[in-house]
Amino acid sequence: MSAADPPVPPLAERAAACADRLRSADSVLLASHIDADGLTSGAIASSALERAGIDHETVFEKQLDEESIAGIAAREFDTVLFTDFGSGQLDVIADHEAAGEFTPVIADHHQPADAETEYHLNPLLFGIDGASELSGAGASYVLAHALDADNRDLAALAIVGAVGDMQGGTEGLTGANEGIVDHAVAAGVVETRTDIALYGRQTRPLPKLLEYASDVRIPGISNDEAGAIAFLSDLDLDVKTDDGDWRRWVDLDDAERRTLVSALLQRAVSSGVPASRIEELVGTSYTLTAEEPGTELRDVSEFSTLLNATARYERADVGLAVCLGERGAPLERARTLLRNHRRNLSEGLQWVKSEGVTEEAHLQWFDAGSRIRETIVGIVAGMAIGSPAVDRSKPIVAFAEKDADHVKVSSRGSHRLVRQGLDLSAVMREASRSVGGDGGGHDVAAGATIPSGSQREFVAAADAIVGEQLGAE
């Protein structure tokens with residue numbers, strides 16, 4: 001693949017038109033979402049604009065709604081570039097465009113609202129699945145490449161965004177994402193390999209790597225510190241350093257890794273773990289070659305988690321700085337936020353497990369009130385649906401207090417439910433609008449904001465919609 005080849009050919013013509021519009025702008029307001037995909041989207045777009053000599057400012061929004069769009073319009077920029085959101089709010093944006101307040105350029109992958117605009121780069125408009133094949137960061141990279149084919153190094157951030165948006169399974173990134181991976185590998189910024197598919201390969205001591213591996217539960221090892229240590233101690237491996245510290249996965253050579261994986265697979269088989277689950281212990285990994293080995297930035301999964309821990313605590317500036325290559329103080333601040341983030345997630349999940357969820361006919365839900373931060377309640381819901389405490393056969397809806405008058409709603413499903421017809425983007429949009437709110441997102445994960453006190457009415461509407469989607473009797 002040459003540097004000039006577009007990463008996602010079906011989007012190339014639209015991307016070129018969007019790039020031309022940006023080049024013609026006197027200055028651009030770049031607005032992006034705050035999760036890992038949004039931060040990498042913003043960083044890719046900001047880098048590309050900077051390199052093209054296009055004057056711009058960057059703002060981040062937790063949610064793009066009528067109020068925040070009005071605030072963006074009030075900034076009096078002729079051109080606004082929306083990354084990782086904008087499509088779902090296109091009806092509101094189009095009204096501002098029609099009023100002559102700004103020209104929107106949108107690089108997004110969420111379900112578009114029923115409106116149109118000229119400079120709209122979204123895989124869904126070209127028959128490409130935005131939930132699994134191209135992220136917001138991927139769309140931003142397609143635009144960056146259209147601005148200059150020498151921007152291939154930015155493909156690394158697009159991979160971080162895609163993995164952070166849960167688009168990578170054990171088989172790695174697929175669909176349109178593959179073209180972006182090809183660009184990153186060709187640019188020498190990413191290496192791919194078949195590796196153990198556990199989170200924390202770069203930073204976690206081996207016992208913690210195994211103990212916290214919850215996606216594939218192995219009896220006597222998963223969620224069992226003593227069991228994980230005993231398993232490692234029985235291997236014919238030096239699992240500790242000369243100083244007595246536990247080694248990490250990154251510290252092992254290839255032969256040592258094969259020994260550990262083989263023993264882990266044997267334990268899984270002997271423990272009765274289904275073959276389909278055992279296969280998920282090995283998968284495709286992505287390593288950022290420019291980053292220091294043994295750090296959170298070396299592995300795309302750990303990088304994306306670090307980013308999630310910044311903007312969700314009102315420090316998007318820290319996440320953006322790390323994405324743009326700053327280290328030192330911004331990275332240390334991000335690590336501090338990550339430790340706080342992990343503690344909050346653990347406490348939130350523990351609360352859900354102890355309080356339980358309320359079962360409806362077609363979904364389950366919990367209302368955390370002010371106990372779980374509204375910016376992380378969706379992550380907690382996703383962790384809960386992956387735990388034994390929650391029924392995986394139903395989507396989960398979570399509520400958290402947003403402010404005195406509004407409640408944040410987050411929903412999570414499974415890809416199996418999506419194959420059966422579940423579309424949480426439609427559920428969130430329709431159910432929230434029925435109670436005077438608004439929402440949207442992806443088929444497998446979506447969110448909304450609704451008026452305080454309307455939770456029960458929302459649940460009833462959402463439950464009925466999910467029932468219709470899944471063909472309930």
# chains A, B, ... in the order shown; residues from 1 in each chain; ligands from 1

call {"tool": "select_by_dssp", "arguments": {"residues": "stretch 164-382 of chain A", "states": "alpha helix (DSSP H)", "output": "PyMOL selection string"}}
result
chain A and resi 164+177-186+206-211+225-233+254-270+275-278+300-311+316-323+329-355+377-382

call {"tool": "select_by_dssp", "arguments": {"residues": "stretch 298-407 of chain A", "states": "strand (DSSP E or B)", "output": "MDAnalysis selection string"}}
result
chainID A and resid 299 358:359 364:367 396:401 406:407

call {"tool": "residues_around", "arguments": {"residues": "A:Arg257", "least_positions_apart": "6", "cutoff": "10 Å", "atoms": "only C-alpha atoms", "output": "VMD selection string"}}
result
chain A and resid 195 to 196 237 249 to 251 263

call {"tool": "closest_residue", "arguments": {"among": "A:Val163, A:Leu338, A:Leu260, A:Ala94", "to": "A:Ala131", "atoms": "only C-alpha atoms"}}
result
A:Val163

call {"tool": "atom_distance", "arguments": {"atom1": "atom CA of A:Val261", "atom2": "atom CA of A:Gly172"}}
result
18.5 Å

call {"tool": "atom_distance", "arguments": {"atom1": "atom CA of A:Val8", "atom2": "atom CA of A:Asp317"}}
result
29.5 Å

call {"tool": "atom_distance", "arguments": {"atom1": "atom CA of A:Arg315", "atom2": "atom CA of A:Glu291"}}
result
22.0 Å

call {"tool": "residues_around", "arguments": {"residues": "stretch 375-388 of chain A", "least_positions_apart": "3", "cutoff": "10 Å", "atoms": "only C-alpha atoms", "output": "MDAnalysis selection string"}}
result
chainID A and resid 34:35 62 214:215 308:309 311:314 341 344:353 356:357 364:368 371:372 391:402 408:414 445:447

call {"tool": "residues_around", "arguments": {"residues": "stretch 43-57 of chain A", "least_positions_apart": "4", "cutoff": "9 Å", "atoms": "only C-alpha atoms", "output": "ChimeraX atom specification"}}
result
/A:22-31,38-39,81,83,137,140-141,143-145,147-148,151,154-155,157-158,320-321,323-324

call {"tool": "closest_residue", "arguments": {"among": "A:Asp438, A:Glu296, A:Asp463, A:Asp405", "to": "A:Glu66", "atoms": "only C-alpha atoms"}}
result
A:Asp438

call {"tool": "closest_residue", "arguments": {"among": "A:Ala187, A:Leu232, A:Leu125, A:Ala361", "to": "A:Lys208", "atoms": "only C-alpha atoms"}}
result
A:Leu232

call {"tool": "residues_around", "arguments": {"residues": "stretch 91-93 of chain A", "least_positions_apart": "3", "cutoff": "10 Å", "atoms": "only C-alpha atoms", "output": "PyMOL selection string"}}
result
chain A and resi 64-66+69-70+73+86-88+96-99+101-104+112-117

call {"tool": "closest_residue", "arguments": {"among": "A:Asp37, A:Glu211, A:Glu191, A:Asp423", "to": "A:Leu134", "atoms": "only C-alpha atoms"}}
result
A:Asp37

call {"tool": "decode", "arguments": {"residues": "stretch 201-213 of chain A", "atoms": "all heavy atoms", "output": "JSON list (two decimals), in the first residue's frame"}}
result
[["chain", "number", "residue", "atom", "x", "y", "z"],
["A", 201, "ARG", "N", -0.90, -6.39, 29.49],
["A", 201, "ARG", "CA", 0.35, -7.09, 29.10],
["A", 201, "ARG", "C", 1.59, -6.25, 29.39],
["A", 201, "ARG", "O", 2.65, -6.78, 29.69],
["A", 201, "ARG", "CB", 0.32, -7.43, 27.60],
["A", 201, "ARG", "CG", -0.64, -8.53, 27.22],
["A", 201, "ARG", "CD", -0.54, -8.84, 25.74],
["A", 201, "ARG", "NE", -0.99, -7.72, 24.93],
["A", 201, "ARG", "CZ", -2.17, -7.64, 24.33],
["A", 201, "ARG", "NH1", -3.02, -8.64, 24.45],
["A", 201, "ARG", "NH2", -2.50, -6.59, 23.62],
["A", 202, "GLN", "N", 1.47, -4.93, 29.29],
["A", 202, "GLN", "CA", 2.64, -4.07, 29.46],
["A", 202, "GLN", "C", 2.93, -3.73, 30.93],
["A", 202, "GLN", "O", 4.09, -3.60, 31.31],
["A", 202, "GLN", "CB", 2.45, -2.75, 28.69],
["A", 202, "GLN", "CG", 2.45, -2.92, 27.18],
["A", 202, "GLN", "CD", 3.82, -3.23, 26.62],
["A", 202, "GLN", "OE1", 4.83, -2.81, 27.14],
["A", 202, "GLN", "NE2", 3.84, -3.98, 25.53],
["A", 203, "THR", "N", 1.89, -3.58, 31.72],
["A", 203, "THR", "CA", 2.10, -2.98, 33.05],
["A", 203, "THR", "C", 1.78, -3.89, 34.24],
["A", 203, "THR", "O", 2.32, -3.68, 35.32],
["A", 203, "THR", "CB", 1.25, -1.71, 33.20],
["A", 203, "THR", "OG1", -0.14, -2.06, 33.06],
["A", 203, "THR", "CG2", 1.62, -0.68, 32.13],
["A", 204, "ARG", "N", 0.94, -4.89, 34.07],
["A", 204, "ARG", "CA", 0.51, -5.66, 35.24],
["A", 204, "ARG", "C", 1.50, -6.78, 35.58],
["A", 204, "ARG", "O", 1.94, -7.52, 34.70],
["A", 204, "ARG", "CB", -0.86, -6.29, 34.99],
["A", 204, "ARG", "CG", -2.00, -5.31, 35.17],
["A", 204, "ARG", "CD", -3.35, -5.96, 34.97],
["A", 204, "ARG", "NE", -4.42, -5.02, 35.31],
["A", 204, "ARG", "CZ", -5.69, -5.19, 35.00],
["A", 204, "ARG", "NH1", -6.07, -6.27, 34.32],
["A", 204, "ARG", "NH2", -6.58, -4.30, 35.34],
["A", 205, "PRO", "N", 1.84, -6.95, 36.87],
["A", 205, "PRO", "CA", 2.59, -8.13, 37.29],
["A", 205, "PRO", "C", 1.82, -9.39, 36.90],
["A", 205, "PRO", "O", 0.58, -9.38, 36.89],
["A", 205, "PRO", "CB", 2.69, -7.98, 38.81],
["A", 205, "PRO", "CG", 2.43, -6.52, 39.07],
["A", 205, "PRO", "CD", 1.48, -6.07, 38.00],
["A", 206, "LEU", "N", 2.53, -10.46, 36.59],
["A", 206, "LEU", "CA", 1.87, -11.67, 36.07],
["A", 206, "LEU", "C", 0.70, -12.16, 36.92],
["A", 206, "LEU", "O", -0.36, -12.51, 36.35],
["A", 206, "LEU", "CB", 2.90, -12.79, 35.89],
["A", 206, "LEU", "CG", 3.87, -12.59, 34.72],
["A", 206, "LEU", "CD1", 4.98, -13.64, 34.77],
["A", 206, "LEU", "CD2", 3.14, -12.65, 33.37],
["A", 207, "PRO", "N", 0.78, -12.21, 38.26],
["A", 207, "PRO", "CA", -0.38, -12.68, 39.02],
["A", 207, "PRO", "C", -1.62, -11.81, 38.79],
["A", 207, "PRO", "O", -2.74, -12.33, 38.68],
["A", 207, "PRO", "CB", 0.08, -12.61, 40.48],
["A", 207, "PRO", "CG", 1.57, -12.65, 40.42],
["A", 207, "PRO", "CD", 1.93, -11.94, 39.16],
["A", 208, "LYS", "N", -1.43, -10.48, 38.72],
["A", 208, "LYS", "CA", -2.56, -9.58, 38.50],
["A", 208, "LYS", "C", -3.09, -9.73, 37.08],
["A", 208, "LYS", "O", -4.30, -9.62, 36.84],
["A", 208, "LYS", "CB", -2.15, -8.13, 38.76],
["A", 208, "LYS", "CG", -1.79, -7.85, 40.22],
["A", 208, "LYS", "CD", -2.95, -8.14, 41.15],
["A", 208, "LYS", "CE", -2.60, -7.86, 42.59],
["A", 208, "LYS", "NZ", -3.69, -8.33, 43.52],
["A", 209, "LEU", "N", -2.20, -9.95, 36.12],
["A", 209, "LEU", "CA", -2.63, -10.16, 34.73],
["A", 209, "LEU", "C", -3.63, -11.31, 34.66],
["A", 209, "LEU", "O", -4.67, -11.21, 33.98],
["A", 209, "LEU", "CB", -1.41, -10.47, 33.86],
["A", 209, "LEU", "CG", -1.68, -10.70, 32.36],
["A", 209, "LEU", "CD1", -1.93, -9.38, 31.65],
["A", 209, "LEU", "CD2", -0.51, -11.45, 31.71],
["A", 210, "LEU", "N", -3.33, -12.40, 35.38],
["A", 210, "LEU", "CA", -4.20, -13.58, 35.34],
["A", 210, "LEU", "C", -5.42, -13.42, 36.25],
["A", 210, "LEU", "O", -6.54, -13.78, 35.87],
["A", 210, "LEU", "CB", -3.40, -14.81, 35.75],
["A", 210, "LEU", "CG", -2.19, -15.16, 34.87],
["A", 210, "LEU", "CD1", -1.50, -16.41, 35.40],
["A", 210, "LEU", "CD2", -2.60, -15.35, 33.41],
["A", 211, "GLU", "N", -5.20, -12.87, 37.44],
["A", 211, "GLU", "CA", -6.31, -12.73, 38.39],
["A", 211, "GLU", "C", -7.42, -11.85, 37.84],
["A", 211, "GLU", "O", -8.60, -12.14, 38.02],
["A", 211, "GLU", "CB", -5.78, -12.12, 39.69],
["A", 211, "GLU", "CG", -6.85, -11.88, 40.74],
["A", 211, "GLU", "CD", -6.36, -11.04, 41.90],
["A", 211, "GLU", "OE1", -5.13, -10.83, 42.02],
["A", 211, "GLU", "OE2", -7.20, -10.59, 42.70],
["A", 212, "TYR", "N", -7.05, -10.76, 37.17],
["A", 212, "TYR", "CA", -8.04, -9.80, 36.69],
["A", 212, "TYR", "C", -8.58, -10.12, 35.29],
["A", 212, "TYR", "O", -9.37, -9.36, 34.75],
["A", 212, "TYR", "CB", -7.45, -8.39, 36.68],
["A", 212, "TYR", "CG", -7.16, -7.83, 38.05],
["A", 212, "TYR", "CD1", -6.16, -6.88, 38.24],
["A", 212, "TYR", "CD2", -7.88, -8.26, 39.16],
["A", 212, "TYR", "CE1", -5.89, -6.36, 39.50],
["A", 212, "TYR", "CE2", -7.62, -7.75, 40.42],
["A", 212, "TYR", "CZ", -6.63, -6.80, 40.59],
["A", 212, "TYR", "OH", -6.38, -6.29, 41.83],
["A", 213, "ALA", "N", -8.15, -11.23, 34.72],
["A", 213, "ALA", "CA", -8.61, -11.60, 33.37],
["A", 213, "ALA", "C", -10.02, -12.17, 33.47],
["A", 213, "ALA", "O", -10.20, -13.37, 33.67],
["A", 213, "ALA", "CB", -7.66, -12.62, 32.74]]
